[in-house]
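Worksheet: the structure to be examined is printed underneath.
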Amino acid sequence: MLKALLHGKLGRVAVGVDEESGGDTLEEGSTQETAADGLTELEDPLTSMVFERLEYLPAELAWAILRGASKPLGDGPPMPAIPPVGVPSWSFWPSLRPGDGGRNKVRVEPDLLVSWGDTLLLIEAKHRGF
């Protein structure tokens, strides 16, 4: 979640203390939710919580998890079974220029860009499949 905080992805979350339970709660109208429940409803904090952990794993294990969670685009090949050589570099929400024919004129911001040897993994995570 640190990456989401550092990149300004948490927005404004009002946190209060529920004196009966002693825990943090989100204040939204008349309903009370725990702070963790509210943050996992947001896509960027959830992306941060999941992918930040992969950065600390051994490279081979991180590759195996990413490979197992991915599927080829169209008729493209699956990710190779053997990871690229070297240590991966993880960039959260990088600001990139769109390519020719892109819809965005100024920039695009994928959730994660992993540079790994001669391989680039661009990850756009969607919450609950949306």
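Following the order of the structure tokens, chains are lettered A, B, ..., residues in each are numbered from 1, and ligands are numbered from 1.
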Just the residues within 6 Å of range 116-129 of chain A, please, counting only C-alpha atoms, with nothing from its chain fewer than 5 positions along; format it as a PyMOL selection string.
chain A and resi 43+84-86+88+110-111
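CA of Gly74 in chain A is positioned 25.5 Å from CA of Val50 in chain A.
From CA of Glu55 in chain A back to CA of Pro83 in chain A, the distance works out to 14.4 Å.
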At a cut-off of 10 Å, using only C-alpha atoms, what residues contact Leu96 in chain A? Leave out same-chain residues fewer than 5 positions from it and give the result as a ChimeraX atom specification.
/A:106-110
Write to file, as a tab-separated table (two decimals), in the first residue's frame, the residues of the selection just made, with N, CA and C atoms.
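After the write, part_12.tsv holds the following:
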chain	number	residue	atom	x	y	z
A	106	VAL	N	-1.99	12.80	-24.63
A	106	VAL	CA	-0.89	13.29	-23.83
A	106	VAL	C	-0.11	12.16	-23.17
A	107	ARG	N	-0.81	11.28	-22.43
A	107	ARG	CA	-0.11	10.23	-21.71
A	107	ARG	C	-1.05	9.07	-21.40
A	108	VAL	N	-0.45	7.95	-21.09
A	108	VAL	CA	-1.17	6.79	-20.59
A	108	VAL	C	-0.50	6.38	-19.28
A	109	GLU	N	-1.27	5.73	-18.41
A	109	GLU	CA	-0.74	5.36	-17.11
A	109	GLU	C	-1.17	3.93	-16.76
A	110	PRO	N	-0.38	2.94	-17.20
A	110	PRO	CA	-0.71	1.57	-16.80
A	110	PRO	C	-0.48	1.41	-15.30
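If you measure from each of A:Pro98, A:Pro72, A:Ser89, A:Pro77 to Leu54 in chain A using only C-alpha atoms, the closest one turns out to be A:Ser89.
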May I have the residues within 10 Å of Phe92 in chain A as a ChimeraX atom specification, using only C-alpha atoms and disregarding those fewer than 4 positions away in the same chain?
/A:3-4,7,44,47-48,51-52,109-114,123
